[in-house]
file structure10.cif (mmCIF, C-alpha atoms and all ligand atoms)
data_query
loop_
_atom_site.group_PDB
_atom_site.id
_atom_site.type_symbol
_atom_site.label_atom_id
_atom_site.label_comp_id
_atom_site.auth_asym_id
_atom_site.auth_seq_id
_atom_site.Cartn_x
_atom_site.Cartn_y
_atom_site.Cartn_z
ATOM 1 C CA MET A 21 48.409 -80.197 -105.887
ATOM 2 C CA MET A 22 44.827 -80.510 -107.022
ATOM 3 C CA GLY A 23 42.986 -79.618 -110.168
ATOM 4 C CA GLU A 24 45.167 -76.786 -111.418
ATOM 5 C CA HIS A 25 45.037 -75.662 -115.011
ATOM 6 C CA PRO A 26 48.456 -76.717 -116.340
ATOM 7 C CA ALA A 27 48.674 -73.910 -118.902
ATOM 8 C CA ALA A 28 48.255 -71.308 -116.204
ATOM 9 C CA ILE A 29 50.923 -72.437 -113.800
ATOM 10 C CA VAL A 30 54.076 -70.378 -114.001
ATOM 11 C CA SER A 31 55.723 -72.503 -111.363
ATOM 12 C CA SER A 32 54.287 -74.607 -108.614
ATOM 13 C CA ALA A 33 57.360 -74.477 -106.447
ATOM 14 C CA ALA A 34 59.684 -71.561 -106.712
ATOM 15 C CA GLY A 35 58.227 -68.940 -109.030
ATOM 16 C CA THR A 36 61.300 -69.039 -111.203
ATOM 17 C CA ASN A 37 61.211 -68.610 -114.937
ATOM 18 C CA ALA A 38 59.253 -71.790 -115.618
ATOM 19 C CA GLY A 39 56.839 -69.916 -117.894
ATOM 20 C CA GLY A 40 59.781 -68.615 -119.924
ATOM 21 C CA SER A 41 58.037 -65.273 -120.404
ATOM 22 C CA TRP A 42 60.623 -62.962 -118.867
ATOM 23 C CA SER A 43 64.340 -62.569 -118.870
ATOM 24 C CA SER A 44 66.713 -60.675 -116.622
ATOM 25 C CA GLU A 45 66.406 -57.719 -119.004
ATOM 26 C CA THR A 46 62.660 -57.470 -118.531
ATOM 27 C CA ALA A 47 62.503 -58.288 -114.823
ATOM 28 C CA ALA A 48 61.652 -55.430 -112.467
ATOM 29 C CA ILE A 49 62.389 -57.554 -109.423
ATOM 30 C CA GLU A 50 64.423 -60.721 -108.989
ATOM 31 C CA LEU A 51 64.883 -62.682 -105.796
ATOM 32 C CA PHE A 52 67.369 -65.516 -105.574
ATOM 33 C CA GLY A 53 67.228 -67.788 -102.545
ATOM 34 C CA VAL A 54 66.093 -64.939 -100.309
ATOM 35 C CA THR A 55 65.616 -65.672 -96.614
ATOM 36 C CA LYS A 56 64.763 -63.460 -93.663
ATOM 37 C CA THR A 57 65.127 -64.414 -90.017
ATOM 38 C CA PHE A 58 64.335 -61.976 -87.234
ATOM 39 C CA GLY A 59 66.507 -62.155 -84.126
ATOM 40 C CA ASP A 60 69.033 -64.875 -83.424
ATOM 41 C CA GLY A 61 69.732 -67.752 -81.075
ATOM 42 C CA PRO A 62 66.836 -69.678 -79.569
ATOM 43 C CA LYS A 63 64.495 -66.711 -80.118
ATOM 44 C CA ALA A 64 65.201 -66.478 -83.860
ATOM 45 C CA THR A 65 62.081 -66.261 -86.051
ATOM 46 C CA PRO A 66 62.548 -67.544 -89.579
ATOM 47 C CA ALA A 67 60.021 -65.362 -91.413
ATOM 48 C CA LEU A 68 60.672 -66.015 -95.065
ATOM 49 C CA GLY A 69 62.133 -68.298 -97.665
ATOM 50 C CA PRO A 70 64.262 -69.498 -99.204
ATOM 51 C CA LEU A 71 62.390 -67.855 -101.997
ATOM 52 C CA ASP A 72 62.995 -67.288 -105.714
ATOM 53 C CA LEU A 73 60.743 -64.872 -107.525
ATOM 54 C CA ALA A 74 60.842 -62.678 -110.581
ATOM 55 C CA ILE A 75 58.404 -59.933 -111.472
ATOM 56 C CA GLU A 76 58.271 -58.844 -115.052
ATOM 57 C CA THR A 77 58.358 -55.127 -115.818
ATOM 58 C CA GLY A 78 54.870 -53.758 -116.366
ATOM 59 C CA SER A 79 53.092 -56.699 -114.764
ATOM 60 C CA PHE A 80 50.794 -56.858 -111.762
ATOM 61 C CA VAL A 81 51.597 -59.632 -109.321
ATOM 62 C CA SER A 82 49.352 -60.489 -106.375
ATOM 63 C CA ILE A 83 50.708 -62.325 -103.353
ATOM 64 C CA VAL A 84 48.341 -64.260 -101.112
ATOM 65 C CA GLY A 85 49.156 -66.371 -98.088
ATOM 66 C CA PRO A 86 48.231 -67.289 -94.548
ATOM 67 C CA SER A 87 48.543 -64.699 -91.821
ATOM 68 C CA GLY A 88 52.098 -64.304 -90.562
ATOM 69 C CA CYS A 89 53.689 -66.159 -93.489
ATOM 70 C CA GLY A 90 56.027 -63.270 -94.286
ATOM 71 C CA LYS A 91 54.147 -61.314 -96.980
ATOM 72 C CA SER A 92 54.841 -57.884 -95.496
ATOM 73 C CA THR A 93 58.416 -58.909 -94.837
ATOM 74 C CA LEU A 94 58.752 -59.800 -98.509
ATOM 75 C CA LEU A 95 57.362 -56.424 -99.520
ATOM 76 C CA ARG A 96 59.658 -54.596 -97.104
ATOM 77 C CA LEU A 97 62.652 -56.479 -98.507
ATOM 78 C CA ILE A 98 61.687 -55.485 -102.048
ATOM 79 C CA ALA A 99 61.171 -51.895 -100.884
ATOM 80 C CA GLY A 100 64.676 -51.945 -99.417
ATOM 81 C CA LEU A 101 63.318 -51.260 -95.922
ATOM 82 C CA GLU A 102 64.733 -54.545 -94.610
ATOM 83 C CA LYS A 103 67.861 -56.467 -95.514
ATOM 84 C CA PRO A 104 67.653 -60.176 -96.302
ATOM 85 C CA THR A 105 69.407 -62.659 -94.027
ATOM 86 C CA GLY A 106 70.416 -64.694 -97.045
ATOM 87 C CA GLY A 107 70.139 -64.638 -100.829
ATOM 88 C CA ARG A 108 70.120 -61.744 -103.283
ATOM 89 C CA LEU A 109 67.596 -59.225 -104.560
ATOM 90 C CA ARG A 110 67.802 -57.203 -107.749
ATOM 91 C CA ARG A 111 65.660 -54.273 -108.821
ATOM 92 C CA TYR A 112 65.791 -53.477 -112.525
ATOM 93 C CA GLY A 113 68.974 -55.506 -112.807
ATOM 94 C CA ASP A 114 70.813 -53.737 -109.953
ATOM 95 C CA GLU A 115 71.632 -55.282 -106.596
ATOM 96 C CA LEU A 116 69.210 -53.779 -104.145
ATOM 97 C CA ASP A 117 70.849 -51.593 -101.537
ATOM 98 C CA GLY A 118 68.086 -49.664 -99.782
ATOM 99 C CA PRO A 119 64.961 -47.601 -100.427
ATOM 100 C CA SER A 120 64.595 -45.892 -103.775
ATOM 101 C CA ARG A 121 62.548 -43.024 -105.141
ATOM 102 C CA LYS A 122 61.646 -45.365 -107.984
ATOM 103 C CA VAL A 123 59.451 -47.334 -105.583
ATOM 104 C CA GLY A 124 56.046 -46.167 -104.327
ATOM 105 C CA ILE A 125 54.388 -47.865 -101.366
ATOM 106 C CA VAL A 126 50.795 -47.907 -100.171
ATOM 107 C CA PHE A 127 50.159 -49.457 -96.747
ATOM 108 C CA GLN A 128 46.891 -50.432 -95.117
ATOM 109 C CA ASP A 129 47.187 -47.424 -92.829
ATOM 110 C CA HIS A 130 47.188 -44.467 -95.143
ATOM 111 C CA VAL A 131 49.152 -42.251 -92.712
ATOM 112 C CA LEU A 132 47.985 -38.974 -94.186
ATOM 113 C CA PHE A 133 49.015 -35.956 -92.142
ATOM 114 C CA PRO A 134 45.858 -34.670 -90.439
ATOM 115 C CA TRP A 135 46.908 -31.025 -90.430
ATOM 116 C CA ALA A 136 47.651 -30.932 -94.158
ATOM 117 C CA SER A 137 45.121 -30.754 -97.000
ATOM 118 C CA VAL A 138 44.665 -33.633 -99.423
ATOM 119 C CA LEU A 139 46.698 -31.776 -102.042
ATOM 120 C CA GLU A 140 49.482 -31.030 -99.548
ATOM 121 C CA ASN A 141 49.543 -34.677 -98.514
ATOM 122 C CA VAL A 142 49.771 -35.795 -102.131
ATOM 123 C CA MET A 143 52.523 -33.240 -102.753
ATOM 124 C CA LEU A 144 54.640 -34.455 -99.832
ATOM 125 C CA PRO A 145 57.068 -36.499 -101.987
ATOM 126 C CA ALA A 146 57.724 -33.364 -104.058
ATOM 127 C CA ASP A 147 59.448 -31.806 -101.022
ATOM 128 C CA VAL A 148 61.090 -34.968 -99.748
ATOM 129 C CA LEU A 149 62.460 -35.892 -103.183
ATOM 130 C CA SER A 150 63.015 -32.297 -104.360
ATOM 131 C CA LEU A 151 60.877 -32.794 -107.449
ATOM 132 C CA PRO A 152 60.357 -29.815 -109.765
ATOM 133 C CA LYS A 153 57.425 -28.074 -108.074
ATOM 134 C CA ALA A 154 55.294 -26.987 -111.046
ATOM 135 C CA ALA A 155 55.403 -30.399 -112.750
ATOM 136 C CA ALA A 156 54.656 -32.161 -109.448
ATOM 137 C CA LEU A 157 51.682 -29.880 -108.826
ATOM 138 C CA GLU A 158 50.352 -30.534 -112.296
ATOM 139 C CA ARG A 159 50.701 -34.293 -111.768
ATOM 140 C CA ALA A 160 49.070 -34.073 -108.315
ATOM 141 C CA HIS A 161 46.027 -32.363 -109.833
ATOM 142 C CA TRP A 162 45.908 -34.919 -112.634
ATOM 143 C CA LEU A 163 46.047 -37.803 -110.126
ATOM 144 C CA LEU A 164 43.356 -36.232 -107.944
ATOM 145 C CA GLU A 165 41.165 -35.902 -110.996
ATOM 146 C CA LEU A 166 41.882 -39.481 -112.033
ATOM 147 C CA THR A 167 40.873 -40.770 -108.611
ATOM 148 C CA GLY A 168 37.775 -38.605 -108.270
ATOM 149 C CA LEU A 169 39.271 -36.413 -105.544
ATOM 150 C CA LYS A 170 39.510 -33.197 -107.525
ATOM 151 C CA ASP A 171 36.853 -31.439 -105.459
ATOM 152 C CA PHE A 172 38.509 -32.509 -102.203
ATOM 153 C CA ALA A 173 42.003 -31.166 -102.864
ATOM 154 C CA GLY A 174 41.612 -28.491 -100.171
ATOM 155 C CA HIS A 175 39.919 -30.774 -97.607
ATOM 156 C CA LYS A 176 41.645 -32.163 -94.547
ATOM 157 C CA PRO A 177 41.893 -35.990 -94.331
ATOM 158 C CA HIS A 178 39.311 -36.238 -91.516
ATOM 159 C CA MET A 179 36.697 -34.901 -93.949
ATOM 160 C CA LEU A 180 37.251 -37.878 -96.268
ATOM 161 C CA SER A 181 35.842 -41.405 -96.189
ATOM 162 C CA GLY A 182 38.194 -44.365 -95.693
ATOM 163 C CA GLY A 183 38.154 -45.135 -99.410
ATOM 164 C CA MET A 184 38.910 -41.525 -100.293
ATOM 165 C CA LYS A 185 41.829 -41.439 -97.861
ATOM 166 C CA GLN A 186 43.217 -44.542 -99.468
ATOM 167 C CA ARG A 187 42.855 -42.947 -102.911
ATOM 168 C CA ALA A 188 44.780 -39.930 -101.632
ATOM 169 C CA ALA A 189 47.482 -42.237 -100.253
ATOM 170 C CA PHE A 190 47.652 -43.881 -103.667
ATOM 171 C CA CYS A 191 48.058 -40.491 -105.389
ATOM 172 C CA ARG A 192 50.888 -39.657 -102.995
ATOM 173 C CA ALA A 193 52.595 -42.998 -103.637
ATOM 174 C CA VAL A 194 52.613 -42.436 -107.392
ATOM 175 C CA LEU A 195 53.330 -38.687 -107.419
ATOM 176 C CA ALA A 196 56.997 -39.236 -108.256
ATOM 177 C CA ASP A 197 55.953 -41.684 -111.005
ATOM 178 C CA PRO A 198 57.670 -44.701 -109.406
ATOM 179 C CA GLN A 199 58.596 -47.581 -111.665
ATOM 180 C CA LEU A 200 57.389 -50.013 -109.070
ATOM 181 C CA LEU A 201 54.331 -49.796 -106.878
ATOM 182 C CA LEU A 202 54.161 -51.892 -103.714
ATOM 183 C CA LEU A 203 50.741 -52.329 -102.166
ATOM 184 C CA ASP A 204 50.491 -53.883 -98.702
ATOM 185 C CA GLU A 205 46.843 -54.712 -97.994
ATOM 186 C CA PRO A 206 45.841 -51.273 -99.304
ATOM 187 C CA PHE A 207 42.126 -52.006 -98.919
ATOM 188 C CA GLY A 208 42.396 -54.047 -95.720
ATOM 189 C CA ALA A 209 40.633 -51.523 -93.524
ATOM 190 C CA LEU A 210 37.720 -50.881 -95.880
ATOM 191 C CA ASP A 211 34.241 -52.384 -96.079
ATOM 192 C CA ALA A 212 33.621 -55.069 -98.716
ATOM 193 C CA LEU A 213 31.815 -52.844 -101.207
ATOM 194 C CA THR A 214 34.343 -49.991 -101.089
ATOM 195 C CA ARG A 215 37.087 -52.567 -101.304
ATOM 196 C CA GLU A 216 35.681 -54.069 -104.499
ATOM 197 C CA GLU A 217 35.085 -50.653 -105.994
ATOM 198 C CA LEU A 218 38.594 -49.475 -105.179
ATOM 199 C CA SER A 219 40.292 -52.601 -106.436
ATOM 200 C CA LEU A 220 38.590 -52.184 -109.813
ATOM 201 C CA GLU A 221 39.649 -48.560 -109.772
ATOM 202 C CA LEU A 222 43.206 -49.560 -108.970
ATOM 203 C CA SER A 223 43.150 -51.985 -111.888
ATOM 204 C CA ARG A 224 42.125 -49.130 -114.188
ATOM 205 C CA LEU A 225 44.731 -46.755 -112.726
ATOM 206 C CA TRP A 226 47.458 -49.331 -112.993
ATOM 207 C CA GLN A 227 46.690 -49.740 -116.697
ATOM 208 C CA GLU A 228 46.692 -45.962 -117.120
ATOM 209 C CA LEU A 229 50.054 -45.565 -115.347
ATOM 210 C CA GLY A 230 51.632 -48.596 -117.025
ATOM 211 C CA ARG A 231 53.851 -49.465 -114.049
ATOM 212 C CA THR A 232 54.894 -52.666 -112.317
ATOM 213 C CA ALA A 233 52.860 -53.507 -109.222
ATOM 214 C CA LEU A 234 53.081 -55.986 -106.375
ATOM 215 C CA LEU A 235 50.010 -56.433 -104.215
ATOM 216 C CA ILE A 236 49.868 -58.185 -100.852
ATOM 217 C CA THR A 237 46.350 -59.199 -99.935
ATOM 218 C CA HIS A 238 44.310 -61.640 -97.884
ATOM 219 C CA ASP A 239 41.500 -61.417 -100.402
ATOM 220 C CA LEU A 240 41.774 -64.064 -103.072
ATOM 221 C CA GLY A 241 39.111 -62.494 -105.301
ATOM 222 C CA GLU A 242 40.956 -59.171 -105.203
ATOM 223 C CA ALA A 243 44.261 -60.918 -105.965
ATOM 224 C CA ILE A 244 42.802 -62.592 -109.070
ATOM 225 C CA LEU A 245 40.840 -59.559 -110.215
ATOM 226 C CA LEU A 246 43.939 -57.378 -110.203
ATOM 227 C CA GLY A 247 46.785 -59.738 -110.972
ATOM 228 C CA ASP A 248 48.502 -60.960 -114.090
ATOM 229 C CA ARG A 249 49.813 -63.622 -111.728
ATOM 230 C CA ILE A 250 48.870 -64.783 -108.285
ATOM 231 C CA VAL A 251 51.538 -66.165 -106.026
ATOM 232 C CA ILE A 252 50.418 -68.303 -103.108
ATOM 233 C CA MET A 253 52.735 -68.630 -100.146
ATOM 234 C CA SER A 254 53.094 -71.356 -97.562
ATOM 235 C CA ASP A 255 52.927 -70.905 -93.815
ATOM 236 C CA ARG A 256 55.911 -69.218 -92.157
ATOM 237 C CA PRO A 257 58.686 -69.198 -93.173
ATOM 238 C CA GLY A 258 56.883 -68.202 -96.356
ATOM 239 C CA ARG A 259 57.828 -69.946 -99.570
ATOM 240 C CA ILE A 260 56.089 -70.041 -102.887
ATOM 241 C CA ARG A 261 53.587 -72.854 -103.240
ATOM 242 C CA LEU A 262 51.988 -71.773 -106.487
ATOM 243 C CA ASP A 263 52.702 -69.122 -109.076
ATOM 244 C CA MET A 264 49.789 -68.963 -111.449
ATOM 245 C CA ARG A 265 49.078 -66.835 -114.474
ATOM 246 C CA VAL A 266 45.676 -65.112 -114.432
ATOM 247 C CA ASP A 267 44.747 -65.428 -118.062
ATOM 248 C CA LEU A 268 41.677 -63.203 -117.912
ATOM 249 C CA PRO A 269 41.227 -60.365 -120.399
ATOM 250 C CA ARG A 270 41.607 -56.696 -119.442
ATOM 251 C CA PRO A 271 40.082 -54.299 -118.715
ATOM 252 C CA ARG A 272 38.488 -56.208 -115.866
ATOM 253 C CA ASP A 273 35.248 -55.218 -114.208
ATOM 254 C CA VAL A 274 32.542 -56.615 -111.943
ATOM 255 C CA HIS A 275 31.594 -59.118 -114.638
ATOM 256 C CA THR A 276 35.094 -60.589 -114.572
ATOM 257 C CA MET A 277 34.239 -62.219 -111.258
ATOM 258 C CA LYS A 278 31.467 -64.197 -112.988
ATOM 259 C CA ASP A 279 33.796 -65.426 -115.735
ATOM 260 C CA PRO A 280 34.092 -69.248 -115.526
ATOM 261 C CA ARG A 281 37.871 -68.899 -115.712
ATOM 262 C CA PHE A 282 37.881 -66.517 -112.732
ATOM 263 C CA ILE A 283 35.796 -69.026 -110.787
ATOM 264 C CA GLU A 284 38.130 -71.850 -111.804
ATOM 265 C CA ILE A 285 41.285 -69.973 -110.751
ATOM 266 C CA HIS A 286 39.601 -68.974 -107.493
ATOM 267 C CA GLN A 287 38.747 -72.605 -106.796
ATOM 268 C CA ILE A 288 42.280 -73.842 -107.512
ATOM 269 C CA ALA A 289 43.834 -71.203 -105.279
ATOM 270 C CA ARG A 290 41.264 -71.706 -102.519
ATOM 271 C CA ASP A 291 41.762 -75.466 -102.488
ATOM 272 C CA LEU A 292 45.476 -74.889 -102.143
ATOM 273 C CA LEU A 293 45.107 -72.329 -99.365
ATOM 274 C CA PHE A 294 42.885 -74.723 -97.466
ATOM 275 C CA THR A 295 45.345 -77.589 -97.750
ATOM 276 C CA ARG A 296 47.863 -75.873 -95.500
ATOM 277 C CA GLN A 297 51.461 -76.838 -95.896
ATOM 278 C CA ARG A 298 53.262 -76.509 -92.586
ATOM 279 C CA ASN A 299 56.991 -76.061 -92.882
HETATM 280 N N1 LIG B 301 60.517 -56.471 -87.078
HETATM 281 C C1 LIG B 301 60.258 -57.721 -86.716
HETATM 282 N N2 LIG B 301 60.873 -58.276 -85.652
HETATM 283 C C2 LIG B 301 60.626 -59.542 -85.283
HETATM 284 N N3 LIG B 301 59.789 -60.357 -85.936
HETATM 285 C C3 LIG B 301 59.143 -59.881 -86.997
HETATM 286 C C4 LIG B 301 59.329 -58.536 -87.439
HETATM 287 N N4 LIG B 301 58.549 -58.330 -88.552
HETATM 288 C C5 LIG B 301 57.908 -59.490 -88.752
HETATM 289 N N5 LIG B 301 58.248 -60.409 -87.842
HETATM 290 C C6 LIG B 301 57.768 -61.799 -87.779
HETATM 291 O O1 LIG B 301 57.924 -62.364 -89.064
HETATM 292 C C7 LIG B 301 56.800 -63.173 -89.385
HETATM 293 C C8 LIG B 301 56.186 -62.698 -90.674
HETATM 294 O O2 LIG B 301 55.582 -61.421 -90.468
HETATM 295 P P1 LIG B 301 54.883 -60.616 -91.644
HETATM 296 O O3 LIG B 301 54.324 -59.374 -91.058
HETATM 297 O O4 LIG B 301 55.816 -60.477 -92.777
HETATM 298 O O5 LIG B 301 53.705 -61.619 -92.064
HETATM 299 P P2 LIG B 301 52.417 -61.358 -92.968
HETATM 300 O O6 LIG B 301 52.280 -62.539 -93.849
HETATM 301 O O7 LIG B 301 52.505 -60.028 -93.635
HETATM 302 O O8 LIG B 301 51.297 -61.339 -91.850
HETATM 303 P P3 LIG B 301 49.790 -60.787 -91.906
HETATM 304 O O9 LIG B 301 49.156 -61.404 -93.113
HETATM 305 O O10 LIG B 301 49.190 -61.297 -90.637
HETATM 306 O O11 LIG B 301 49.868 -59.295 -91.983
HETATM 307 C C9 LIG B 301 55.878 -63.110 -88.181
HETATM 308 O O12 LIG B 301 56.108 -64.243 -87.388
HETATM 309 C C10 LIG B 301 56.283 -61.852 -87.469
HETATM 310 O O13 LIG B 301 56.079 -61.977 -86.092
#
call {"tool": "encode", "arguments": {"input": "structure10.cif", "output": "structure tokens", "more": "lines below"}}
Ligand SMILES: Nc1ncnc2c1ncn2[C@@H]1O[C@H](COP(=O)(O)OP(=O)(O)OP(=O)(O)O)[C@@H](O)[C@H]1O
result
Amino acid sequence: MMGEHPAAIVSSAAGTNAGGSWSSETAAIELFGVTKTFGDGPKATPALGPLDLAIETGSFVSIVGPSGCGKSTLLRLIAGLEKPTGGRLRRYGDELDGPSRKVGIVFQDHVLFPWASVLENVMLPADVLSLPKAAALERAHWLLELTGLKDFAGHKPHMLSGGMKQRAAFCRAVLADPQLLLLDEPFGALDALTREELSLELSRLWQELGRTALLITHDLGEAILLGDRIVIMSDRPGRIRLDMRVDLPRPRDVHTMKDPRFIEIHQIARDLLFTRQRN
């Protein structure tokens, strides 16, 4: 591995507790030797692992890796939407056994219902999860205000820009105040400027909400800007090649990207991504 800053590396191989900064009591997510293979026999596709990873409660972890290396699979496993082929996963100390209302997910495709207003879309989890209506409505309005959508509460999704739709999807994902927020390329479909704007906004919102977040992204700059750690994965089946602490102060803004430390971390991660490690 080239040129990395030793103090910043949590682990260069497995993302285990090499930094010594978390324990099982403070881990939101723990993966032990997790693997995922799709199909079986000669057509089996090993998609992931074996992989060890722990995410500390309240932290923001960004995962970057080559296309098809298993990032979305990893997120779906953590969400409880897929079962691992091997290994174990724990969420807040409990063995993971399916989806949970404590987890909010934002995908690249915002999947807002076109016939419902922005507010109705944001309120959807209130019905699905039978949340107390008045409190949910109050929180929905607060979130819409926080994300600059207050004046669009009554609009239909088609009247919103791509960035606004994604903000609405974010509000919906956090309506039930999930402990853990999973973000799968949430800005992937947006133009570069909106993407940068929204990622800074997400950074601010994440601090405001004080929750644990896991971001999957192809954009290294975004990963560093948002993350407390960036985790770089290998080609499929995805394993952890580097788990690096992003020791940049918060709050972060556009100037963060000009910080020499940001540039240094970017360079280290880029060098690694360009020296592909085929499994
Ligand atoms: N439901 C499925 N059935 C069969 N194979 C699957 C399934 N889901 C994913 N795969 C395979 O697992 C591998 C990893 O896919 P995954 O979507 O997790 O990668 P990714 O890193 O998120 O990709 P990208 O960055 O291109 O979105 C791929 O080879 C994919 O074809």
call {"tool": "resolve_selection", "arguments": {"input": "structure10.cif", "expression": "the PyMOL selection byres (((not hetatm)) within 9 of (chain B and resi 301))", "output": "PyMOL selection string"}}
result
chain A and resi 56-59+64-68+84-96+102+204-205+236-238+253+255-258
call {"tool": "atom_distance", "arguments": {"input": "structure10.cif", "atom1": "CA of Ala160 (chain A)", "atom2": "CA of Met184 (chain A)"}}
result
14.9 Å
call {"tool": "residues_around", "arguments": {"input": "structure10.cif", "residues": "Ser223 (chain A)", "least_positions_apart": "2", "cutoff": "8 Å", "atoms": "all atoms listed in the file", "output": "VMD selection string"}}
result
chain A and resid 219 to 221 225 to 227 246 271 to 272
call {"tool": "atom_distance", "arguments": {"input": "structure10.cif", "atom1": "CA of Gly107 (chain A)", "atom2": "CA of Leu240 (chain A)"}}
result
28.5 Å
call {"tool": "residues_around", "arguments": {"input": "structure10.cif", "residues": "region 110-123 of chain A", "least_positions_apart": "2", "cutoff": "12 Å", "atoms": "all atoms listed in the file", "output": "PyMOL selection string"}}
result
chain A and resi 43-54+72-78+95-104+107-108+125-126+145-146+148-151+192-203+231-234
call {"tool": "closest_atom_pairs", "arguments": {"input": "structure10.cif", "of": "region 61-156 of chain A", "to": "region 166-172 of chain A", "cutoff": "10 Å", "atoms": "all atoms listed in the file", "output": "tab-separated table"}}
result
residue	atom	partner	partner_atom	distance
A:Ser137	CA	A:Phe172	CA	8.6
A:Val138	CA	A:Phe172	CA	6.8
A:Leu139	CA	A:Phe172	CA	8.2
call {"tool": "atom_distance", "arguments": {"input": "structure10.cif", "atom1": "CA of Phe80 (chain A)", "atom2": "CA of Leu293 (chain A)"}}
result
20.6 Å
call {"tool": "closest_atom_pairs", "arguments": {"input": "structure10.cif", "of": "region 130-197 of chain A", "to": "region 209-214 of chain A", "cutoff": "10 Å", "atoms": "all atoms listed in the file", "output": "JSON lines"}}
result
{"residue": "A:His130", "atom": "CA", "partner": "A:Ala209", "partner_atom": "CA", "distance": 9.8}
{"residue": "A:Ser181", "atom": "CA", "partner": "A:Leu210", "partner_atom": "CA", "distance": 9.7}
{"residue": "A:Gly182", "atom": "CA", "partner": "A:Leu210", "partner_atom": "CA", "distance": 6.5}
{"residue": "A:Gly183", "atom": "CA", "partner": "A:Thr214", "partner_atom": "CA", "distance": 6.4}
{"residue": "A:Met184", "atom": "CA", "partner": "A:Thr214", "partner_atom": "CA", "distance": 9.7}
{"residue": "A:Gln186", "atom": "CA", "partner": "A:Leu210", "partner_atom": "CA", "distance": 9.1}
call {"tool": "closest_residue", "arguments": {"input": "structure10.cif", "among": "A:Leu218, A:Ile283, A:Val266, A:Leu132", "to": "Lys176 (chain A)", "atoms": "only C-alpha atoms"}}
result
A:Leu132
call {"tool": "resolve_selection", "arguments": {"input": "structure10.cif", "expression": "the PyMOL selection byres (((chain A and resi 282) around 9) and not hetatm)", "output": "number ranges by chain"}}
result
A: 241, 244-245, 266-268, 276-281, 283-287
call {"tool": "axis_aligned_box", "arguments": {"input": "structure10.cif", "around": "region 58-65 of chain A", "padding_each_side": "3 Å", "output": "lines of an AutoDock Vina configuration file"}}
result
center_x = 65.9
center_y = -65.8
center_z = -83.4
size_x = 13.7
size_y = 13.7
size_z = 13.7
call {"tool": "closest_residue", "arguments": {"input": "structure10.cif", "among": "A:His161, A:Arg265, A:Ile83, A:Asp129", "to": "Gly208 (chain A)", "atoms": "only C-alpha atoms"}}
result
A:Asp129
